[in-house]
Every structure is written in C-alpha cells, then in structure tokens.
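Engineer: mmCIF, C-alpha atoms, file run-v2.cif:
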```cif
data_final
loop_
_atom_site.label_atom_id
_atom_site.label_comp_id
_atom_site.auth_asym_id
_atom_site.auth_seq_id
_atom_site.Cartn_x
_atom_site.Cartn_y
_atom_site.Cartn_z
CA MET A 5 0.00 0.00 0.00
CA LEU A 6 1.23 3.47 -0.84
CA ARG A 7 1.21 5.84 2.16
CA ILE A 8 1.99 9.52 1.86
CA ASP A 9 3.43 11.28 4.88
CA PHE A 10 1.13 14.12 5.96
CA ILE A 11 3.83 16.72 6.59
CA GLU A 12 5.78 15.88 3.40
CA ARG A 13 2.57 16.12 1.42
CA LEU A 14 1.83 19.49 3.03
CA ARG A 15 5.34 20.71 2.13
CA PHE A 16 4.79 19.62 -1.47
CA GLU A 17 1.39 21.30 -1.70
CA LEU A 18 2.73 24.54 -0.20
CA LEU A 19 5.60 24.59 -2.68
CA GLU A 20 3.22 23.92 -5.51
CA LEU A 21 1.06 26.85 -4.39
CA GLY A 22 4.13 29.09 -4.48
CA CYS A 23 5.07 29.31 -0.80
CA PRO A 24 8.46 31.03 -0.51
CA ARG A 25 11.13 28.69 0.82
CA ARG A 26 11.97 31.10 3.63
CA GLN A 27 8.43 30.83 5.01
CA LEU A 28 7.89 27.21 3.99
CA ARG A 29 10.36 25.72 6.47
CA ARG A 30 8.94 27.55 9.46
CA LEU A 31 5.31 27.01 8.46
CA VAL A 32 5.80 23.27 7.98
CA GLN A 33 7.71 23.02 11.25
CA GLU A 34 4.97 24.79 13.19
CA VAL A 35 2.18 22.74 11.61
CA ALA A 36 4.16 19.58 12.46
CA ASP A 37 4.40 20.80 16.08
CA HIS A 38 0.68 21.57 16.05
CA ARG A 39 -0.10 18.11 14.71
CA GLU A 40 2.00 16.55 17.45
CA ASP A 41 0.10 18.61 20.06
CA LEU A 42 -3.23 17.44 18.62
CA LYS A 43 -1.96 13.87 18.72
CA GLN A 44 -0.80 14.21 22.35
CA ALA A 45 -4.23 15.62 23.31
CA ALA A 46 -5.90 12.63 21.62
CA LEU A 47 -3.57 10.22 23.44
CA LEU A 48 -4.54 11.85 26.75
CA GLU A 49 -8.16 11.13 25.88
CA GLY A 50 -7.21 7.46 25.82
CA LEU A 51 -6.95 6.84 22.08
CA SER A 52 -4.37 4.43 20.67
CA GLU A 53 -1.27 5.76 18.87
CA ALA A 54 -2.72 5.07 15.41
CA SER A 55 -6.14 6.48 16.26
CA ALA A 56 -4.59 9.59 17.84
CA GLU A 57 -2.51 10.19 14.70
CA SER A 58 -5.52 9.66 12.51
CA GLN A 59 -7.61 12.07 14.61
CA ALA A 60 -4.87 14.72 14.48
CA ASN A 61 -4.76 14.42 10.68
CA THR A 62 -8.55 14.65 10.48
CA GLN A 63 -8.56 17.78 12.65
CA LEU A 64 -5.95 19.43 10.43
CA GLY A 65 -7.82 18.44 7.27
CA ASP A 66 -6.26 17.01 4.14
CA PRO A 67 -2.85 18.52 3.23
CA PHE A 68 -4.16 20.03 -0.01
CA THR A 69 -6.96 21.95 1.74
CA LEU A 70 -4.74 22.93 4.66
CA ALA A 71 -2.03 24.22 2.30
CA GLY A 72 -4.67 26.23 0.44
CA ARG A 73 -5.93 27.76 3.69
CA LEU A 74 -2.42 28.53 4.89
CA MET A 75 -1.50 30.17 1.61
CA MET A 76 -4.71 32.18 1.59
CA ALA A 77 -3.97 33.43 5.11
CA LEU A 78 -0.37 34.17 4.10
CA ARG A 79 -1.47 36.15 1.03
CA GLN A 80 -4.05 38.11 2.99
CA THR A 81 -1.28 39.56 5.15
CA SER A 82 0.12 41.76 2.36
CA TRP A 83 -1.38 44.35 0.00
CA TRP A 84 0.32 42.63 -2.97
CA GLY A 85 -1.27 39.32 -2.03
CA ARG A 86 -4.73 40.84 -1.67
CA HIS A 87 -4.61 42.74 -4.98
CA VAL A 88 -2.84 40.37 -7.36
CA LEU A 89 -4.54 41.63 -10.50
CA ILE A 90 -3.49 45.23 -9.92
CA ALA A 91 -0.08 44.31 -8.53
CA PHE A 92 1.04 41.79 -11.16
CA CYS A 93 -0.93 42.78 -14.28
CA GLY A 94 -1.66 46.50 -14.05
CA LEU A 95 1.40 47.78 -12.28
CA PRO A 96 4.05 46.12 -14.50
CA LEU A 97 2.43 47.73 -17.52
CA LEU A 98 2.43 51.18 -15.91
CA VAL A 99 5.59 50.97 -13.87
CA PHE A 100 7.94 49.16 -16.25
CA PRO A 101 8.61 52.06 -18.70
CA VAL A 102 9.18 54.58 -15.90
CA LEU A 103 11.27 52.34 -13.69
CA TRP A 104 13.26 50.99 -16.63
CA ALA A 105 14.08 54.52 -17.86
CA LEU A 106 15.12 55.60 -14.36
CA LEU A 107 17.30 52.54 -13.93
CA VAL A 108 18.94 53.03 -17.35
CA CYS A 109 19.75 56.61 -16.31
CA ALA A 110 21.05 55.43 -12.93
CA ASN A 111 23.20 52.74 -14.57
CA LEU A 112 24.56 55.20 -17.14
CA SER A 113 25.29 57.76 -14.43
CA LEU A 114 27.18 55.13 -12.50
CA GLY A 115 29.11 54.15 -15.64
CA PHE A 116 29.84 57.82 -16.36
CA ALA A 117 31.12 58.36 -12.83
CA LEU A 118 33.28 55.22 -12.88
CA GLY A 119 34.56 55.52 -16.46
CA PHE A 120 34.98 59.26 -16.87
CA GLY A 121 35.05 60.59 -13.31
CA TRP A 122 31.91 62.63 -14.10
CA ASN A 123 33.97 64.71 -16.56
CA TYR A 124 31.92 65.82 -19.60
CA GLN A 125 35.07 66.79 -21.56
CA LYS A 126 36.31 63.20 -21.44
CA LEU A 127 32.88 61.92 -22.47
CA HIS A 128 32.70 64.25 -25.46
CA LEU A 129 36.16 63.17 -26.59
CA ALA A 130 35.14 59.50 -26.28
CA ALA A 131 31.94 60.16 -28.26
CA LYS A 132 33.95 61.70 -31.13
CA ASN A 133 36.26 58.71 -31.45
CA PRO A 134 34.55 55.79 -33.35
CA ASP A 135 36.36 53.11 -31.32
CA SER A 136 35.49 54.52 -27.92
CA PHE A 137 31.98 55.37 -29.18
CA HIS A 138 31.53 51.68 -29.93
CA HIS A 139 32.45 50.96 -26.29
CA LEU A 140 29.90 53.54 -25.15
CA VAL A 141 27.20 51.79 -27.18
CA LEU A 142 28.15 48.47 -25.58
CA ALA A 143 28.00 50.07 -22.13
CA LEU A 144 24.56 51.46 -22.99
CA HIS A 145 23.34 47.98 -23.99
CA CYS A 146 24.61 46.60 -20.69
CA ALA A 147 22.85 49.38 -18.76
CA ASP A 148 19.68 48.71 -20.75
CA TYR A 149 19.72 44.93 -20.17
CA LEU A 150 20.57 45.40 -16.51
CA ALA A 151 17.65 47.82 -16.05
CA THR A 152 15.27 45.36 -17.76
CA ALA A 153 16.49 42.56 -15.51
CA LEU A 154 16.22 44.70 -12.35
CA VAL A 155 12.58 45.64 -13.01
CA ALA A 156 11.71 41.98 -13.64
CA ILE A 157 13.59 40.95 -10.48
CA LEU A 158 11.65 43.58 -8.50
CA PHE A 159 8.29 42.08 -9.54
CA CYS A 160 9.57 38.55 -8.92
CA TRP A 161 10.70 39.60 -5.46
CA LEU A 162 7.31 41.15 -4.71
CA ALA A 163 5.56 38.01 -5.94
CA ARG A 164 7.73 35.73 -3.81
CA ARG A 165 7.47 38.00 -0.79
CA SER A 166 3.67 38.09 -0.94
CA ALA A 167 3.52 34.31 -1.51
CA VAL A 168 1.26 34.56 -4.56
CA ARG A 169 1.12 31.75 -7.11
CA MET A 170 4.13 31.43 -9.39
CA ALA A 171 1.77 32.10 -12.30
CA TRP A 172 1.35 35.70 -11.12
CA MET A 173 5.11 36.13 -11.10
CA ALA A 174 5.27 34.70 -14.62
CA THR A 175 2.47 37.06 -15.71
CA ALA A 176 4.32 40.10 -14.36
CA CYS A 177 7.50 38.96 -16.15
CA ALA A 178 5.61 38.36 -19.39
CA ILE A 179 4.21 41.91 -19.23
CA CYS A 180 7.72 43.24 -18.52
CA SER A 181 8.95 41.26 -21.56
CA PHE A 182 6.24 42.73 -23.73
CA CYS A 183 7.12 46.29 -22.63
CA ALA A 184 10.85 45.64 -22.98
CA MET A 185 10.38 44.33 -26.51
CA PHE A 186 9.26 47.70 -27.83
CA LEU A 187 11.08 50.20 -25.63
CA ARG A 188 14.64 51.05 -26.55
CA VAL A 189 17.31 53.54 -25.79
CA LYS A 190 19.38 54.99 -28.65
CA LEU A 191 22.80 56.59 -28.40
CA ASN A 192 24.06 59.11 -30.96
CA PRO A 193 27.51 60.70 -30.65
CA HIS A 194 26.17 63.62 -28.60
CA SER A 195 22.67 62.62 -27.61
CA LEU A 196 20.72 59.88 -25.90
CA SER A 197 17.06 59.15 -26.60
CA VAL A 198 14.45 56.74 -25.27
CA LEU A 199 11.93 55.66 -27.90
CA ILE A 200 9.28 53.12 -28.80
CA SER A 201 10.44 50.90 -31.61
CA TRP A 202 8.09 48.56 -33.46
CA ASN A 203 11.06 46.35 -34.35
CA PRO A 204 10.92 43.71 -31.61
CA GLN A 205 14.01 43.57 -29.38
CA TRP A 206 14.22 39.84 -28.77
CA VAL A 207 17.14 39.86 -26.33
CA ARG A 208 15.33 42.30 -24.08
CA PHE A 209 12.13 40.34 -24.54
CA ALA A 210 13.88 37.20 -23.30
CA ILE A 211 15.47 38.69 -20.14
CA PRO A 212 12.37 38.87 -17.85
CA LEU A 213 11.19 35.46 -19.08
CA LEU A 214 14.59 33.93 -18.34
CA ILE A 215 14.48 35.39 -14.83
CA ALA A 216 11.01 33.93 -14.25
CA GLY A 217 12.21 30.58 -15.61
CA ALA A 218 15.24 30.59 -13.34
CA LEU A 219 13.04 31.29 -10.29
CA TYR A 220 10.67 28.49 -11.32
CA ALA A 221 13.64 26.14 -11.54
CA PHE A 222 14.94 27.34 -8.16
CA GLN A 223 11.54 26.75 -6.52
CA TRP A 224 11.34 23.22 -7.92
CA ARG A 225 15.00 22.25 -7.79
CA THR A 226 14.70 19.82 -4.92
CA ILE A 227 11.03 19.02 -4.83
CA GLU A 228 9.93 15.44 -5.26
CA ILE A 229 6.42 14.06 -4.99
CA PRO A 230 6.40 12.69 -1.44
CA CYS A 231 5.48 9.05 -1.14
CA GLU A 232 6.72 6.08 0.74
CA GLN A 233 5.94 2.41 0.81
CA SER A 234 4.55 1.07 4.04
CA MET B 27 -8.52 40.23 6.81
CA LEU B 28 -8.09 36.83 8.39
CA THR B 29 -9.99 34.11 6.61
CA CYS B 30 -9.47 31.20 8.95
CA ILE B 31 -11.37 32.26 12.02
CA THR B 32 -14.79 30.77 12.41
CA VAL B 33 -17.79 32.09 14.28
CA ILE B 34 -19.84 29.00 14.90
CA GLY B 35 -23.14 29.22 13.06
CA MET B 36 -22.37 32.53 11.39
CA VAL B 37 -19.83 31.57 8.76
CA ARG B 38 -22.19 31.04 5.84
CA ALA B 39 -24.13 34.22 6.53
CA MET B 40 -20.96 36.29 6.84
CA LYS B 41 -19.41 34.91 3.67
CA LYS B 42 -22.51 36.02 1.79
CA THR B 43 -22.69 39.45 3.35
CA ASN B 44 -19.50 40.88 4.75
CA PRO B 45 -16.50 38.58 4.86
CA SER B 46 -14.35 41.18 6.56
CA PHE B 47 -16.84 41.58 9.40
CA LEU B 48 -14.30 40.12 11.80
CA ASN B 49 -11.44 42.44 10.81
CA GLY B 50 -9.45 43.20 13.90
CA VAL B 51 -11.06 40.50 16.06
CA PRO B 52 -8.40 37.79 15.56
CA GLU B 53 -5.72 40.39 16.24
CA LEU B 54 -7.50 41.47 19.43
CA LEU B 55 -7.93 37.88 20.63
CA VAL B 56 -4.34 36.84 19.96
CA LEU B 57 -2.84 39.99 21.47
CA ARG B 58 -5.15 39.72 24.52
CA LEU B 59 -4.10 36.13 25.14
CA LEU B 60 -0.41 36.90 24.71
CA ALA B 61 -0.72 39.87 27.10
CA SER B 62 -1.04 37.50 30.03
CA ARG B 63 1.75 35.05 29.11
CA GLU B 64 3.81 33.72 26.22
CA MET B 65 2.15 30.90 24.31
CA TYR B 66 2.68 28.61 21.33
CA GLY B 67 0.29 28.18 18.41
CA TYR B 68 -1.68 25.19 19.68
CA GLN B 69 -2.15 26.85 23.08
CA ILE B 70 -3.49 30.00 21.43
CA VAL B 71 -5.96 28.06 19.26
CA GLU B 72 -7.15 26.05 22.27
CA ALA B 73 -7.39 29.13 24.50
CA ILE B 74 -9.53 30.96 21.92
CA ARG B 75 -11.80 27.96 21.55
CA VAL B 76 -12.16 27.37 25.31
CA GLN B 77 -12.27 30.97 26.52
CA THR B 78 -14.87 32.02 23.93
CA ARG B 79 -16.87 28.90 24.91
CA GLU B 80 -16.39 27.59 21.37
CA ALA B 81 -18.09 30.64 19.85
CA LEU B 82 -14.89 31.42 17.96
CA SER B 83 -12.23 29.08 16.67
CA PHE B 84 -9.22 29.29 14.40
CA GLY B 85 -8.94 26.74 11.62
CA GLU B 86 -6.31 24.24 12.80
CA GLY B 87 -2.88 25.38 11.67
CA CYS B 88 -4.16 28.62 10.15
CA ILE B 89 -2.98 30.69 13.06
CA TYR B 90 0.67 30.49 11.98
CA PRO B 91 0.59 32.79 8.92
CA TYR B 92 -1.31 35.22 11.12
CA LEU B 93 1.28 35.00 13.93
CA HIS B 94 4.05 35.52 11.35
CA TYR B 95 2.23 38.61 10.13
CA LEU B 96 1.96 39.98 13.68
CA GLU B 97 5.65 39.24 14.12
CA ALA B 98 6.48 41.11 10.89
CA GLN B 99 4.46 44.03 12.30
CA LYS B 100 6.63 43.74 15.44
CA GLN B 101 3.54 43.25 17.60
CA VAL B 102 4.76 39.87 18.81
CA SER B 103 8.16 38.22 18.98
CA SER B 104 8.93 34.52 18.82
CA GLN B 105 11.55 32.20 20.14
CA ARG B 106 12.05 28.49 19.52
CA ARG B 107 12.60 26.74 22.84
CA GLU B 108 12.62 23.27 24.28
CA VAL B 109 10.15 22.78 27.12
CA GLU B 110 9.49 19.34 28.61
CA GLY B 111 11.25 17.63 25.72
CA ARG B 112 9.27 19.44 23.02
CA ASN B 113 10.63 22.14 20.70
CA ARG B 114 8.09 24.82 19.93
CA ASN B 115 7.90 28.45 18.82
CA TYR B 116 6.76 30.56 21.74
CA TYR B 117 5.16 33.92 20.99
CA ARG B 118 5.15 36.91 23.31
CA LEU B 119 3.75 40.41 23.16
CA THR B 120 6.08 43.33 22.39
CA ALA B 121 5.70 46.94 23.54
CA ARG B 122 4.21 47.79 20.14
CA GLY B 123 1.78 44.88 20.49
CA ARG B 124 0.73 46.10 23.93
CA LYS B 125 0.01 49.55 22.52
CA ARG B 126 -1.97 48.02 19.64
CA LEU B 127 -3.92 45.90 22.14
CA GLU B 128 -4.92 49.05 24.06
CA GLU B 129 -6.11 50.67 20.82
CA LEU B 130 -8.09 47.59 19.76
CA THR B 131 -9.62 47.12 23.22
CA SER B 132 -10.82 50.70 23.33
CA GLU B 133 -12.21 50.40 19.79
CA TYR B 134 -13.91 47.11 20.65
CA LYS B 135 -15.52 48.66 23.77
CA ARG B 136 -16.72 51.63 21.73
CA VAL B 137 -18.33 49.36 19.12
CA THR B 138 -19.94 46.98 21.64
CA THR B 139 -21.31 49.92 23.64
CA GLY B 140 -22.82 51.35 20.46
CA ILE B 141 -24.36 48.01 19.54
CA SER B 142 -25.75 47.63 23.07
CA PHE B 143 -27.46 51.02 22.79
CA LEU B 144 -28.91 50.00 19.45
CA MET B 145 -30.17 46.72 20.88
CA GLY B 146 -32.03 48.65 23.55
CA GLY B 147 -29.57 48.01 26.35
CA GLN B 148 -30.61 44.39 26.65
CA HIS B 149 -27.05 43.19 25.95
CA ALA B 150 -25.23 45.89 27.96
#
```
Have the structure of the file written as structure tokens, please.
Structural biologist:
Amino acid sequence: MLRIDFIERLRFELLELGCPRRQLRRLVQEVADHREDLKQAALLEGLSEASAESQANTQLGDPFTLAGRLMMALRQTSWWGRHVLIAFCGLPLLVFPVLWALLVCANLSLGFALGFGWNYQKLHLAAKNPDSFHHLVLALHCADYLATALVAILFCWLARRSAVRMAWMATACAICSFCAMFLRVKLNPHSLSVLISWNPQWVRFAIPLLIAGALYAFQWRTIEIPCEQS
Amino acid sequence: MLTCITVIGMVRAMKKTNPSFLNGVPELLVLRLLASREMYGYQIVEAIRVQTREALSFGEGCIYPYLHYLEAQKQVSSQRREVEGRNRNYYRLTARGRKRLEELTSEYKRVTTGISFLMGGQHA
C-alpha cells in the first residue's frame, strides 16, 4: 500500500502553491508541532497511537486543503497578495517604462562616474572617437539589459514575498517582456534618446522570461512528490 | 482580513454578506491572550476555543501565517525553545503589540457599547 506522509505532502502542496522557501520551512515546522500537540491531546483522551494520529490528521484536514488555507492566510497579510490583478498585471504595464528609464539613467550615471570621473570633456572626446563610441554603445546595452532585468527581479521579489502563485510572477514577467520588446534607448555621438520601436528587441524580450524561468527552476530544484511504501 | 477564524453558526451568513466583518477581532484575541503570558500556536488556538466557549475558533494550523504577520508588524516576537522535551515556537507580546492591544480594546468597547445602545440596552 502506498502511504503519503502528511507533513511531506503538506510541504509539497505549499511549494506547488508558491510558498516562498523562507516561510515554507517555518510554516511546515509549526504545523508539524501543532499536529504533534493534537496527537498528544488525543492520546490523553485514551486513544491508541494510530487512532490519535488519525484524529490529528482529520482535525488538520487534508494537506491540499490545509495548504490552500495557509497560503490564503499568508497572502491576505500583504497588500500585494490581496490585490494580485493590480499588482502583477496592471502595475508592470504602468511601472515598467518609468522604472526601466530611471534605472537606465542610474546605470549610465554610475558608468559615467566610474569611467569618466563625471567629466563631460572626457565623455565628449570619447563620443567623437569611433572606437570609444563603440564601447559607449556596448556600455549602454549593458545598462539597458541590466535595467530590464532589475525591473523583472523587483516584480519577482514582490511576488515571492507576498507568496502569490508562481503564475502571477510569470504574468508580471511576461508583461515586462512585452514592454521591454518595444522600448529602446538609442545613443548618438552627442545625444541619448528613449523611444518606442516597433522592431521587436528579442534579447530584451527574453530577459524577464529567463528570470522567471530561473526562479521556477529554483523553486522546484529539490522538490519530489512525497510518497513512501509502508 | 483573516480568513481562517470561524464564528460557529455565522460563517455562511458572513461569507454572503460581509467577509471582513471580523477584521481586527483575531488580532484582538491573539494579542489579549499573549498579554497574560507567552504561548505557542496550539495553546493560542485552544485558548480561543475554550475561553470564547467555542463561539470562535481558528482553523487548525491557520494561526501560523497570522502570527508571522503579527511578528512582521513587530507586535509579537517569537523564540524556539525546548520545554518538557518538546521544541516549539513561543510567541510573546512586544511593547508595540501592547500599545496596539490598548487601541483595539478601546475600539472594541466603543463598538460593543454602540451596539448595546442599538439593541435597547438588553445586551449591555
């Protein structure tokens, strides 16, 4: 007969519902303690070991339902968890362009400070030289990709923190990808412009999706369907 | 806000009408219980059930996300300790939690007094 351990099953269900690993360990530990307390109370009532364990499991409910209730309670504790549609569909669409542009500027400012010591003369000289201008364009691409990744990471972090389903995180990343595909930053020798381009930028499109994929893989890297033979 | 507390006999009616009717009540109950002594999750669930004469009860296990939330709000603190051979997380009230309890108690008294007036003083 195949018997599935209650606590292992609960761990699996919580992970499947997107419980962050940081909270998962403590939650499972405390529910295991709670189950043991229920079992001890049943033993004090005079039940046998097996009956006490069975009663404790019945009181907790099946792991799937319990995990659902725990996750619902967990999500209700944050604004992001209570308003998933706004937080992970509406906000990425509105926030991505602004945040991305700000981060590109911040990255470029940092590069300017590190590479040219915030000296405009040096920058102008570099812009005039085709070789160094090529390096500036490369630096701009890096700043652009980094900004795209940072916005996607921000939404992933919010999704993980509020313990919403992984699908919401993937949705936010997909919206970031869509925005990133058409927004671009262009560098001319003495000017920088942010524009909407209808030529899809596939590298930038892929970055948020890759981040979501990596987090999916991280969440599931050690999980196995819990079962044991008895 | 909390979805796992149950008012016996009222759940179905509340779900249909105002699911957030109990906002603030679980917080008040948990903080009130922890004001007297530190407790672990099972003790809190049992104390709520017994001391409200089974009128209110937390869904088994559902108290933990709520306790973690109160801890994140710095209203309670927790410590894992071994007592009588069992390791458990014990929760205790913080100064911020005590202040919050005073606010909630005063609000609760204000509301119940108002309801009593409305009910013609028969429940005062």
Engineer: Give as an NGL selection string the set of residues within 10 Å of the point (-4.1, 30.8, 8.9), where distances use the file's coordinates and all atoms listed in the file.
Structural biologist: (:A and (70-81)) or (:B and (28-31 or 84-94))
Engineer: On this structure, which residues satisfy the PyMOL selection byres ((chain B and resi 62-79) around 8), written as a list in words?
Structural biologist: Glu34, His38, Asp41 and Leu42 of chain A; Leu55, Val56, Arg58, Leu59, Leu60, Ala61, Glu80, Ala81, Leu82, Ser83, Phe84, Glu86, Gly87, Ile89, Tyr90, Arg114, Asn115, Tyr116, Tyr117, Arg118 and Leu119 of chain B
Engineer: Kindly provide, as a PDB file with C-alpha atoms, in the coordinates of the input, the polymer residues lying within 12 Å of (-10.9, 49.3, 20.4), counting all atoms listed in the file and using the coordinates exactly as they appear in the file.
Structural biologist:
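In the end it all went to point_6.pdb:
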```pdb
ATOM      1  CA  ASN B  49     -11.440  42.440  10.810  1.00  0.00           C
ATOM      2  CA  GLY B  50      -9.450  43.200  13.900  1.00  0.00           C
ATOM      3  CA  VAL B  51     -11.060  40.500  16.060  1.00  0.00           C
ATOM      4  CA  GLU B  53      -5.720  40.390  16.240  1.00  0.00           C
ATOM      5  CA  LEU B  54      -7.500  41.470  19.430  1.00  0.00           C
ATOM      6  CA  LEU B  55      -7.930  37.880  20.630  1.00  0.00           C
ATOM      7  CA  ARG B  58      -5.150  39.720  24.520  1.00  0.00           C
ATOM      8  CA  LYS B 125       0.010  49.550  22.520  1.00  0.00           C
ATOM      9  CA  ARG B 126      -1.970  48.020  19.640  1.00  0.00           C
ATOM     10  CA  LEU B 127      -3.920  45.900  22.140  1.00  0.00           C
ATOM     11  CA  GLU B 128      -4.920  49.050  24.060  1.00  0.00           C
ATOM     12  CA  GLU B 129      -6.110  50.670  20.820  1.00  0.00           C
ATOM     13  CA  LEU B 130      -8.090  47.590  19.760  1.00  0.00           C
ATOM     14  CA  THR B 131      -9.620  47.120  23.220  1.00  0.00           C
ATOM     15  CA  SER B 132     -10.820  50.700  23.330  1.00  0.00           C
ATOM     16  CA  GLU B 133     -12.210  50.400  19.790  1.00  0.00           C
ATOM     17  CA  TYR B 134     -13.910  47.110  20.650  1.00  0.00           C
ATOM     18  CA  LYS B 135     -15.520  48.660  23.770  1.00  0.00           C
ATOM     19  CA  ARG B 136     -16.720  51.630  21.730  1.00  0.00           C
ATOM     20  CA  VAL B 137     -18.330  49.360  19.120  1.00  0.00           C
ATOM     21  CA  THR B 138     -19.940  46.980  21.640  1.00  0.00           C
ATOM     22  CA  THR B 139     -21.310  49.920  23.640  1.00  0.00           C
TER      23      THR B 139
END
```
Engineer: Which neighbours of region 123-131 of chain A fall inside 10 Å, counting all atoms listed in the file, when residues of the same chain fewer than 2 positions from it are skipped, and could you give them as a list in words?
Structural biologist: Phe116, Ala117, Gly119, Phe120, Gly121, Asn133, Pro134, Asp135, Ser136, Phe137, His138, His139, Leu140, Val141, Leu191, Asn192, Pro193, His194 and Ser195 of chain A
Engineer: List the residues selected by the PyMOL selection byres ((chain A and resi 86-89) around 12) in the file shown, writing them as JSON, numbers by chain.
Structural biologist: {"A": [75, 76, 77, 78, 79, 80, 81, 82, 83, 84, 85, 90, 91, 92, 93, 94, 95, 96, 97, 159, 162, 163, 166, 167, 168, 169, 170, 171, 172, 173, 175, 176], "B": [27, 28, 29]}
Engineer: In Å, how far is it from CA of Ile215 (chain A) to CA of Phe100 (chain A)?
Structural biologist: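 Taking CA of Ile215 (chain A) and CA of Phe100 (chain A), their separation equals 15.3 Å.
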Engineer: Which residues fall under the PyMOL selection byres ((chain A and resi 27) around 10) in this file, as a ChimeraX atom specification?
Structural biologist: /A:18,23-26,28-32,78,165,167 /B:91,94
Engineer: I'd like to know which of B:Arg107, B:Arg124, B:Lys100, B:Arg112 is closest to chain A, using all atoms listed in the file.
Structural biologist: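 For chain A, the nearest of the candidates is B:Arg112.
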Engineer: For a test of reading the model, state the distance in Å between CA of Thr152 (chain A) and CA of Leu21 (chain A), rounded to one decimal.
Structural biologist: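 These two atoms are separated by 26.9 Å.
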Engineer: Report, in Å with one decimal, the straight-line distance from CA of Val102 (chain B) to CA of Arg164 (chain A).
Structural biologist: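 So the two atoms, CA of Val102 (chain B) and CA of Arg164 (chain A), lie 23.2 Å apart.
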Engineer: Write out as a PyMOL selection string each polymer residue whose atoms come within 12 Å of Ala45 (chain A), counting only C-alpha atoms; drop sequence neighbours fewer than 3 positions from it.
Structural biologist: (chain A and resi 38-42+48-53+55-57+59-60+63) or (chain B and resi 68-69+72)
